[in-house]
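Structure file upload-v8.csv with CSV, C-alpha atoms:
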chain,number,residue,atom,x,y,z
F,14,MET,CA,-11.0,-9.7,-3.9
F,15,ARG,CA,-11.9,-7.8,-7.0
F,16,LEU,CA,-13.9,-4.6,-6.5
F,17,THR,CA,-15.5,-2.4,-9.1
F,18,PRO,CA,-16.8,0.8,-7.4
F,19,GLU,CA,-17.9,2.6,-10.6
F,20,ASN,CA,-18.4,0.0,-13.3
F,21,GLY,CA,-21.8,0.4,-14.8
F,22,PHE,CA,-21.8,-2.9,-16.7
F,23,ASN,CA,-25.3,-4.4,-17.0
F,24,SER,CA,-26.7,-1.1,-15.6
F,25,MET,CA,-25.1,-1.5,-12.2
F,26,SER,CA,-24.8,1.6,-10.0
F,27,ASP,CA,-24.0,2.6,-6.4
F,28,SER,CA,-25.5,5.6,-4.7
F,29,ASP,CA,-22.3,6.4,-2.7
F,30,PRO,CA,-19.3,4.4,-4.2
F,31,GLN,CA,-16.7,6.5,-2.3
F,32,GLY,CA,-18.3,5.9,1.1
F,33,HIS,CA,-19.3,2.3,0.5
F,34,PHE,CA,-15.9,1.2,-0.9
F,35,GLU,CA,-13.8,3.1,1.7
F,36,TYR,CA,-15.8,1.3,4.3
F,37,THR,CA,-15.5,-2.0,2.5
F,38,LEU,CA,-11.8,-1.8,2.0
F,39,GLY,CA,-11.3,-0.8,5.7
F,40,GLN,CA,-13.3,-3.9,6.7
F,41,LEU,CA,-11.4,-6.1,4.4
F,42,SER,CA,-8.1,-4.7,5.7
F,43,ALA,CA,-9.1,-5.4,9.3
F,44,ARG,CA,-9.7,-9.0,8.3
F,45,GLY,CA,-6.3,-9.4,6.8
F,46,LEU,CA,-7.3,-9.9,3.2
F,47,ALA,CA,-4.2,-10.5,1.1
F,48,TYR,CA,-5.0,-8.2,-1.8
F,49,ALA,CA,-7.7,-6.0,-3.3
F,50,HIS,CA,-7.9,-5.8,-7.1
F,51,VAL,CA,-9.7,-2.6,-7.9
F,52,LEU,CA,-11.2,-1.6,-11.3
F,53,GLU,CA,-10.7,2.2,-11.3
F,54,GLY,CA,-13.5,4.0,-13.0
F,55,ASN,CA,-16.1,2.8,-15.5
F,56,MET,CA,-14.8,0.0,-17.7
F,57,ALA,CA,-16.6,1.3,-20.8
F,58,THR,CA,-16.0,5.0,-20.6
F,59,LYS,CA,-12.7,5.0,-18.6
F,60,THR,CA,-14.2,7.9,-16.5
F,61,ALA,CA,-13.7,8.0,-12.8
F,62,SER,CA,-15.2,10.2,-10.0
F,63,VAL,CA,-14.1,8.1,-7.0
F,64,ASP,CA,-10.9,9.2,-5.3
F,65,TYR,CA,-8.9,5.9,-5.6
F,66,ARG,CA,-6.0,7.3,-3.7
F,67,ALA,CA,-8.3,7.6,-0.7
F,68,LEU,CA,-9.5,4.1,-1.2
F,69,ARG,CA,-5.9,2.9,-1.3
F,70,THR,CA,-5.3,4.5,2.1
F,71,ARG,CA,-8.0,2.4,3.7
F,72,PHE,CA,-6.4,-1.0,2.7
F,73,THR,CA,-3.2,-2.3,4.1
F,74,GLY,CA,-2.8,-5.4,1.9
F,75,ALA,CA,-1.5,-5.4,-1.6
F,76,PHE,CA,-3.6,-3.0,-3.8
F,77,ILE,CA,-3.8,-3.9,-7.4
F,78,ALA,CA,-5.0,-1.1,-9.8
F,79,ASN,CA,-6.7,-1.9,-13.1
F,80,ASN,CA,-8.4,-0.2,-16.0
F,81,GLY,CA,-6.7,1.1,-19.1
F,82,TYR,CA,-3.1,1.2,-17.8
F,83,ASP,CA,-0.1,1.4,-20.1
F,84,LEU,CA,3.4,0.8,-18.8
F,85,ALA,CA,4.3,4.5,-18.2
F,86,ARG,CA,1.1,5.1,-16.2
F,87,ALA,CA,1.6,1.8,-14.3
F,88,GLN,CA,5.1,2.8,-13.3
F,89,ALA,CA,4.0,6.3,-12.2
F,90,THR,CA,1.1,4.8,-10.1
F,91,VAL,CA,3.4,2.3,-8.3
F,92,ASP,CA,6.1,4.9,-7.8
F,93,ALA,CA,3.6,7.3,-6.3
F,94,GLY,CA,2.4,4.6,-3.9
F,95,ASP,CA,-1.1,4.7,-5.3
F,96,ALA,CA,-0.9,0.9,-6.0
F,97,ASP,CA,1.4,-2.0,-5.2
F,98,LEU,CA,0.7,-3.7,-8.5
F,99,VAL,CA,-1.1,-3.0,-11.8
F,100,ALA,CA,-3.1,-5.5,-13.7
F,101,PHE,CA,-3.1,-5.4,-17.5
F,102,GLY,CA,-6.2,-7.0,-19.0
F,103,THR,CA,-6.7,-6.1,-22.6
F,104,PRO,CA,-3.0,-5.7,-23.4
F,105,PHE,CA,-2.3,-9.3,-22.2
F,106,VAL,CA,-5.1,-10.6,-24.4
F,107,ALA,CA,-3.5,-9.2,-27.5
F,108,ASN,CA,0.1,-9.8,-26.3
F,109,PRO,CA,0.7,-13.2,-24.8
F,110,ASP,CA,4.3,-12.0,-24.3
F,111,LEU,CA,3.4,-8.6,-22.8
F,112,VAL,CA,6.1,-8.8,-20.2
F,113,ARG,CA,8.7,-9.3,-22.9
F,114,ARG,CA,7.3,-6.5,-25.1
F,115,TYR,CA,7.3,-4.0,-22.2
F,116,ARG,CA,10.8,-5.2,-21.0
F,117,ASP,CA,12.3,-4.9,-24.5
F,118,ASN,CA,10.3,-1.9,-25.7
F,119,LEU,CA,8.7,-3.9,-28.5
F,120,PRO,CA,5.5,-2.7,-30.3
F,121,LEU,CA,2.2,-3.9,-28.9
F,122,ALA,CA,-0.4,-5.7,-30.9
F,123,ALA,CA,-3.9,-4.2,-30.8
F,124,ALA,CA,-6.7,-6.2,-29.3
F,125,ASP,CA,-9.9,-6.8,-31.3
F,126,PRO,CA,-12.8,-6.0,-28.9
F,127,THR,CA,-15.3,-7.4,-31.3
F,128,THR,CA,-14.1,-10.9,-30.3
F,129,PHE,CA,-14.5,-10.3,-26.6
F,130,TYR,CA,-17.1,-12.3,-24.7
F,131,GLY,CA,-18.0,-14.1,-27.8
F,132,GLY,CA,-17.8,-17.6,-26.4
F,133,GLY,CA,-15.0,-18.9,-28.7
F,134,GLU,CA,-11.3,-18.9,-28.7
F,135,ALA,CA,-11.0,-16.3,-31.5
F,136,GLY,CA,-9.4,-13.2,-30.0
F,137,TYR,CA,-8.3,-14.9,-26.8
F,138,THR,CA,-5.8,-17.6,-27.8
F,139,ASP,CA,-4.8,-16.8,-31.3
F,140,TYR,CA,-2.6,-13.6,-30.9
F,141,PRO,CA,1.0,-14.4,-31.8
F,142,SER,CA,4.1,-13.6,-29.8
F,143,TYR,CA,6.4,-11.0,-31.1
F,144,ARG,CA,8.6,-12.5,-33.9
F,145,GLY,CA,11.1,-9.7,-34.4
F,146,ASP,CA,14.8,-9.3,-33.4
F,147,GLU,CA,15.5,-11.9,-30.7
F,148,THR,CA,18.9,-10.5,-29.6
F,149,ARG,CA,18.2,-9.6,-25.9
F,150,THR,CA,19.5,-12.2,-23.5
F,151,ARG,CA,19.3,-12.6,-19.7
F,152,GLU,CA,22.9,-11.6,-19.5
F,153,ASN,CA,22.3,-8.1,-21.0
F,154,ALA,CA,18.8,-7.6,-19.5
F,155,ALA,CA,20.0,-6.0,-16.3
F,156,ALA,CA,22.3,-3.5,-18.1
F,157,ALA,CA,19.6,-2.6,-20.6
F,158,ASP,CA,17.0,-2.1,-17.8
F,159,ALA,CA,19.5,0.1,-15.9
F,160,GLN,CA,20.1,2.2,-19.0
F,161,SER,CA,16.3,2.6,-19.6
F,162,GLY,CA,15.9,4.2,-16.2
F,163,MET,CA,13.3,1.6,-15.2
F,164,PRO,CA,13.0,1.6,-11.3
F,165,PRO,CA,14.6,-1.6,-9.9
F,166,HIS,CA,11.3,-2.8,-8.3
F,167,LEU,CA,9.7,-2.7,-11.8
F,168,ALA,CA,12.6,-4.0,-13.8
F,169,LEU,CA,11.6,-7.1,-15.6
F,170,GLN,CA,14.9,-8.8,-16.2
F,171,ASP,CA,14.1,-11.7,-13.8
F,172,LEU,CA,10.8,-12.6,-15.4
F,173,PRO,CA,10.8,-15.4,-18.0
F,174,THR,CA,10.4,-14.6,-21.6
F,175,VAL,CA,7.2,-16.1,-23.1
F,176,GLY,CA,7.0,-17.2,-26.7

If you convert what's in this file into structure tokens, what do you get?
Amino acid sequence: MRLTPENGFNSMSDSDPQGHFEYTLGQLSARGLAYAHVLEGNMATKTASVDYRALRTRFTGAFIANNGYDLARAQATVDAGDADLVAFGTPFVANPDLVRRYRDNLPLAAADPTTFYGGGEAGYTDYPSYRGDETRTRENAAAADAQSGMPPHLALQDLPTVG
């Protein structure tokens, strides 16, 4: 289930997002829901007033954090136990090979938000995969990840390369 405690899109609001979503996550947890995908803060402003760590403690299933994460913040969030997984929305739109780019420390393409929600494929299916140096192989991926200091639970050497 995807929850958005503070997203003000289309003038939505909640009088007590902390209380309502702590209760909601507790109830979903009691029912054995597999995961909760939580948009942290306001999507437009990236501001947050809800204590998402407290929300996390109310849910025993997989907790997926989302909203403006980069790789370093995602790793820190998972390492701290504040989420089990992190969803990357906009970075995936602009980087169809995002896993590879993060794994290989390649530059990220910037998304063009003027194409979002426009009804066409422009800006969604026309971003290219990285076309630079293609020297990394599966054989040297584990060694490179070990040297990078990436925690083993976040190492990406076993994920397929896209593109």

Exercise. Please identify all polymer residues within 12 Å of F:Leu52, counting all atoms listed in the file, omitting same-chain residues fewer than 4 positions from it, and present them as a PyMOL selection string.
Key: chain F and resi 14-22+34+56-57+59-61+63+65+68+76-82+96+99-102

Quiz item: Do you have the atom CA of F:Thr70-atom CA of F:Thr103 distance handy?
Solution: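 The value is 26.9 Å.
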
Self-check item: Computed interatomic separation between atom CA of F:Gly145 and atom CA of F:Leu111 (Å)
Solution: 14.0 Å

Practice problem: Go through F:Leu41, F:Ala89, F:Ala107, F:Ala75 and flag the residue nearest F:Pro120, using all atoms listed in the file for the distances. | Solution: F:Ala107

Quiz item: In Å, how far is it from atom CA of F:Asp95 to atom CA of F:Asp64?
Solution: 10.8 Å

Self-check item: Residue among F:Ala93, F:Arg71, F:Tyr140, F:Ala49 lying closest to F:Asp110, counting only C-alpha atoms
Solution: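 That would be F:Tyr140, the residue with the smallest distance to F:Asp110.
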
Exercise. Write out as a PyMOL selection string each polymer residue whose atoms come within 10 Å of stretch 83-86 of chain F, counting all atoms listed in the file; drop sequence neighbours fewer than 4 positions from it.
Key: chain F and resi 90-92+99-101+104+115-116+163

Quiz item: Which residue, F:Ala67, F:Ala87, F:Leu121, F:Val106, has the smallest gap to F:Gln31 when you use all atoms listed in the file?
Solution: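 Looking at the shortest contact to F:Gln31, the residue is F:Ala67.
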